[in-house]
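Contents: one structure, followed by commentary.
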Amino acid sequence: MSTGTVNTLIARCMVDPEFLALLSSDRDAALRGYELDDRTRSDFAALDIRRVIGLAAVITKVQNNGLWQWIPNTRALTVRYGLEQELFAAFHREHQALRAGPRTRDEQTYRFFDFLGHALAEWIPEETPALRDVFLHERLLWEIRTIIAAGIPSALRTGFFTTSPHETIAAIREERFIPANVRNAPQWLLYHADIAAQTVRTLEVNEESARVLALADGTHSIAAMARECGIDRRRVRRLLDAAVEAGLITNPIRRSH
Amino acid sequence: MRTKRPERRDGAVCRGRPRVGISYSDYVRPLLLDQPDLFDYVEIPFEMLRANPHVVPIENCPQVLLHSASLSMAGDVPPDEATWSAVGDWIDRTSTPWLSEHLAFFTAHRTPDDGSSHSAVPIYDIGYAISAPMNEESLDVVVAAVDACSQRFGIPILLENSPLYFTPPGSTMTQFEYIRRLCERSPARLLLDVTHLVITAHNLGRDPIEALHELPLDRILEVHVAGISDFEGTQWDDHTVRAPEVVMDVLRVLARGSGLEAVTLEYNWSVTFPRHTLLSELARVKEALAA
């Protein structure tokens, strides 16, 4: 009888993306060596493989439910644009690799964010207004929150956006988001840890400040920052002093020994 | 943690209004603190309690129902003794009136030398419920598993229908016939996931209300309610969106003509599920039950 073998084959499709790909492309080769009665073999031949791939995607999605708490509005947009299933079908391979080995929740989240970042850069259509900006915004919030949780005394990130993530998120929350209504609003945002309040604060900054502060992680000298940003050292110094005074950063520059 | 033991654990049909509960998610605890009388019970996965026993007690939770995804009832890889024992322990600790499990398998024998770096592990662990082929052979497996559970735990065993996205190869009957045959051959009760029923009916080109009437309605003690998403014409289980109206239509039929005791809102895939949406779903369910 074939029932146990069918369970094995379906289970293998769910946990072994290479096998699922083989079943998609060459069913005879995939089933070779498995003891199946004629009827079951014929059922496999008639199987709509897109639905098997879809099930693998749904399982991958469900097993990553914990991600959405960090990027709820990114999720709302992936659902809105009908991308969720494709996204998790594409993440299947990496997800199974993660399941197979020890990993922390933060590692799992980081790997998914990295995957999504690449997907947005490489194959997710451009006609998905605000998606890239909202994801970048939520990712930067997560990065700072992770740093706060680790007890590191200061953290800062900057990002450039073509639309306002705050406007989009407000529209999603108020259930009035319409893709055609997303307007261009180029802006640089700065994200920093408010350690006392254990929260992340954001503020809009100009490009020059954003570029300098992005380098103010204690590993660059003032000369290096000035060179990289194409502005003079005194200007860099003034920007850093202002940021220190505002409590945004503590040790912005590399000290020479 | 011990909750008040309900008076009846024999699964006898309750003639009152079905109780309404919620599937556990992190948002449930603060919700019940704010609104203590909102739900009659909380359904908690056994696996969650096993991994984190401190999930219980939950303040303002009148009762816990235990829901398992570990016994692989339709599979040929039985759970280990530690799992059996832990399920029994949590049945006692929660005083659950019944144990619900999936009419599905979670694990299967690994193909020897499958080229995986984990080929030394003898099983594939999917971590998710999938329907086995629906035929006499798998029916024998499920009937034996129900017997084993009933003998071991001494409380009613409820089996939950899986959503079918494709008919498992090797099936010789529909899911509706399979469930009917199962109930003829075993004392199993049913946890009818109404959303799964609607998905299965849609994906197989059937009318969900007609399909419902092919099931032994008197065996249904509990139902699950959640949402559905659609991708390229196929419907998929989705616990992050509202239930479509057809789910409420099925619930109305069940409220009129079955021994339904419990209705569980299963919006447990997102800890940020909006409270106003949950409350609105609760109102819809209560309206459907009162119709």
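FYI, nothing fancy with the structure tokens labels: chains A, B, ... in order, residues from 1 per chain, ligands from 1 as they appear.
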
Set the cut-off to 10 Å and count only C-alpha atoms: what are the residues of chain B that reach chain A? Output as a ChimeraX atom specification.
/B:74-77,104-111,114-118,123-138,164-172,229-232,234,236-240,268-274

Hey, what's within 10 Å of His137 in chain A if we count only C-alpha atoms and toss same-chain stuff fewer than 6 positions away? As an MDAnalysis selection string, please?
chainID A and resid 71 73:74 131 158:161 164:166 189:191 202

Exercise: Leu71 in chain B partners within 9 Å, only C-alpha atoms, chain neighbours under 2 positions left out, as JSON, numbers by chain:
{"B": [68, 69, 73, 74, 75, 78, 79, 83, 84, 101, 102, 105, 106, 145]}

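Among the candidates A:Ser24, A:Thr199, A:Thr78, A:Thr109, the one nearest to Ala155 in chain A when counting only C-alpha atoms is A:Thr199.
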
Residues of range 7-220 of chain B classed as helix (DSSP H, G or I) by DSSP on the backbone are to be reported as a VMD selection string.
chain B and resid 28 to 34 46 to 51 53 to 55 81 to 94 136 to 153 175 to 185 194 to 203 208 to 212 217 to 219

Could you name the residues that touch Pro252 in chain A at 12 Å or less, counting only C-alpha atoms, but leaving out those on the same chain fewer than 4 positions away, as a PyMOL selection string?
chain A and resi 154-156+212-222+225+236-237+239-245+247-248

Dump N, CA and C atoms for the selected residues as a CSV table (one decimal), in the first residue's frame?
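Saved file result_13.csv follows:
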```csv
chain,number,residue,atom,x,y,z
A,154,SER,N,23.8,53.7,23.0
A,154,SER,CA,23.3,54.6,22.0
A,154,SER,C,23.2,53.9,20.6
A,155,ALA,N,22.3,54.3,19.8
A,155,ALA,CA,22.1,53.7,18.5
A,155,ALA,C,21.5,54.7,17.6
A,156,LEU,N,22.0,54.7,16.3
A,156,LEU,CA,21.4,55.7,15.4
A,156,LEU,C,21.5,55.1,14.0
A,212,VAL,N,26.4,62.6,7.4
A,212,VAL,CA,27.5,62.6,8.4
A,212,VAL,C,27.1,61.7,9.6
A,213,LEU,N,25.9,61.8,10.1
A,213,LEU,CA,25.5,61.0,11.2
A,213,LEU,C,25.5,59.5,11.0
A,214,ALA,N,25.2,59.1,9.7
A,214,ALA,CA,25.3,57.7,9.4
A,214,ALA,C,26.7,57.2,9.6
A,215,LEU,N,27.7,58.1,9.6
A,215,LEU,CA,29.1,57.6,9.8
A,215,LEU,C,29.6,57.8,11.2
A,216,ALA,N,28.7,58.4,12.0
A,216,ALA,CA,29.1,58.7,13.4
A,216,ALA,C,28.9,57.5,14.3
A,217,ASP,N,29.6,56.5,14.0
A,217,ASP,CA,29.5,55.2,14.8
A,217,ASP,C,30.7,54.9,15.6
A,218,GLY,N,31.6,55.9,15.7
A,218,GLY,CA,32.8,55.7,16.5
A,218,GLY,C,34.0,55.0,15.7
A,219,THR,N,33.7,54.7,14.4
A,219,THR,CA,34.8,54.0,13.7
A,219,THR,C,35.4,54.9,12.6
A,220,HIS,N,34.9,56.2,12.4
A,220,HIS,CA,35.4,57.1,11.4
A,220,HIS,C,36.0,58.3,12.1
A,221,SER,N,37.1,58.8,11.5
A,221,SER,CA,37.6,60.1,12.0
A,221,SER,C,36.8,61.2,11.4
A,222,ILE,N,37.0,62.4,11.9
A,222,ILE,CA,36.3,63.6,11.3
A,222,ILE,C,36.8,63.8,9.9
A,225,MET,N,35.1,61.3,7.6
A,225,MET,CA,33.7,61.7,7.4
A,225,MET,C,33.6,62.9,6.4
A,236,VAL,N,31.6,69.3,9.6
A,236,VAL,CA,31.4,68.0,10.2
A,236,VAL,C,31.4,68.1,11.7
A,237,ARG,N,32.4,68.8,12.2
A,237,ARG,CA,32.5,69.0,13.7
A,237,ARG,C,31.3,69.7,14.3
A,239,LEU,N,28.2,69.7,13.1
A,239,LEU,CA,27.1,68.8,13.0
A,239,LEU,C,27.2,67.8,14.2
A,240,LEU,N,28.4,67.2,14.4
A,240,LEU,CA,28.5,66.2,15.4
A,240,LEU,C,28.3,66.8,16.8
A,241,ASP,N,28.8,68.0,17.0
A,241,ASP,CA,28.6,68.7,18.3
A,241,ASP,C,27.1,68.9,18.6
A,242,ALA,N,26.4,69.3,17.5
A,242,ALA,CA,25.0,69.5,17.7
A,242,ALA,C,24.2,68.2,18.0
A,243,ALA,N,24.7,67.2,17.4
A,243,ALA,CA,24.0,65.9,17.6
A,243,ALA,C,24.3,65.3,19.0
A,244,VAL,N,25.6,65.6,19.5
A,244,VAL,CA,25.9,65.2,20.8
A,244,VAL,C,25.1,66.0,21.8
A,245,GLU,N,25.0,67.3,21.6
A,245,GLU,CA,24.2,68.1,22.5
A,245,GLU,C,22.8,67.7,22.6
A,247,GLY,N,21.7,64.8,22.3
A,247,GLY,CA,21.6,63.5,22.9
A,247,GLY,C,21.4,62.4,21.9
A,248,LEU,N,21.7,62.7,20.7
A,248,LEU,CA,21.5,61.7,19.6
A,248,LEU,C,22.6,60.6,19.6
```

Run DSSP on the backbone of this structure and report the residues of range 7-63 of chain B it assigns to strand (DSSP E or B), as a PyMOL selection string.
chain B and resi 19-23+41-45

Residues just named, written with N, CA and C atoms as a PDB file, in the first residue's frame:
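What ended up in part23.pdb:
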```
ATOM      1  N   ARG B  19     -20.748  27.970  23.984  1.00  0.00           N
ATOM      2  CA  ARG B  19     -19.823  28.943  24.571  1.00  0.00           C
ATOM      3  C   ARG B  19     -18.925  29.490  23.460  1.00  0.00           C
ATOM      4  N   VAL B  20     -18.438  30.692  23.691  1.00  0.00           N
ATOM      5  CA  VAL B  20     -17.570  31.313  22.679  1.00  0.00           C
ATOM      6  C   VAL B  20     -16.206  31.583  23.312  1.00  0.00           C
ATOM      7  N   GLY B  21     -15.167  31.110  22.661  1.00  0.00           N
ATOM      8  CA  GLY B  21     -13.813  31.276  23.191  1.00  0.00           C
ATOM      9  C   GLY B  21     -12.871  31.831  22.151  1.00  0.00           C
ATOM     10  N   ILE B  22     -11.628  31.934  22.566  1.00  0.00           N
ATOM     11  CA  ILE B  22     -10.621  32.501  21.668  1.00  0.00           C
ATOM     12  C   ILE B  22      -9.358  31.662  21.724  1.00  0.00           C
ATOM     13  N   SER B  23      -8.737  31.558  20.581  1.00  0.00           N
ATOM     14  CA  SER B  23      -7.475  30.854  20.487  1.00  0.00           C
ATOM     15  C   SER B  23      -6.370  31.748  21.058  1.00  0.00           C
ATOM     16  N   TYR B  41     -13.885  30.847  27.302  1.00  0.00           N
ATOM     17  CA  TYR B  41     -12.702  29.991  27.473  1.00  0.00           C
ATOM     18  C   TYR B  41     -11.590  30.479  26.544  1.00  0.00           C
ATOM     19  N   VAL B  42     -10.388  29.974  26.810  1.00  0.00           N
ATOM     20  CA  VAL B  42      -9.251  30.219  25.910  1.00  0.00           C
ATOM     21  C   VAL B  42      -8.727  28.859  25.454  1.00  0.00           C
ATOM     22  N   GLU B  43      -8.568  28.710  24.167  1.00  0.00           N
ATOM     23  CA  GLU B  43      -8.004  27.466  23.641  1.00  0.00           C
ATOM     24  C   GLU B  43      -6.497  27.661  23.459  1.00  0.00           C
ATOM     25  N   ILE B  44      -5.743  26.741  24.041  1.00  0.00           N
ATOM     26  CA  ILE B  44      -4.276  26.910  24.019  1.00  0.00           C
ATOM     27  C   ILE B  44      -3.629  25.678  23.391  1.00  0.00           C
ATOM     28  N   PRO B  45      -2.676  25.894  22.481  1.00  0.00           N
ATOM     29  CA  PRO B  45      -1.970  24.749  21.911  1.00  0.00           C
ATOM     30  C   PRO B  45      -1.139  24.042  22.982  1.00  0.00           C
TER      31      PRO B  45
END
```

Please provide the set of residues having any atom within 9 Å of Val247 in chain B, restricted to only C-alpha atoms, with same-chain residues fewer than 5 positions apart removed, written as a list of chain:residue names.
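Everything that qualifies: B:Val194, B:Thr195, B:Leu197, B:Val198, B:Pro208, B:Val225, B:Ala226, B:Gly227, B:Arg252.
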
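CA of Val223 in chain B sits 10.3 Å away from CA of His196 in chain B.
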
What gap, in Å, lies between CA of Arg254 in chain A and CA of Glu208 in chain A?
19.6 Å
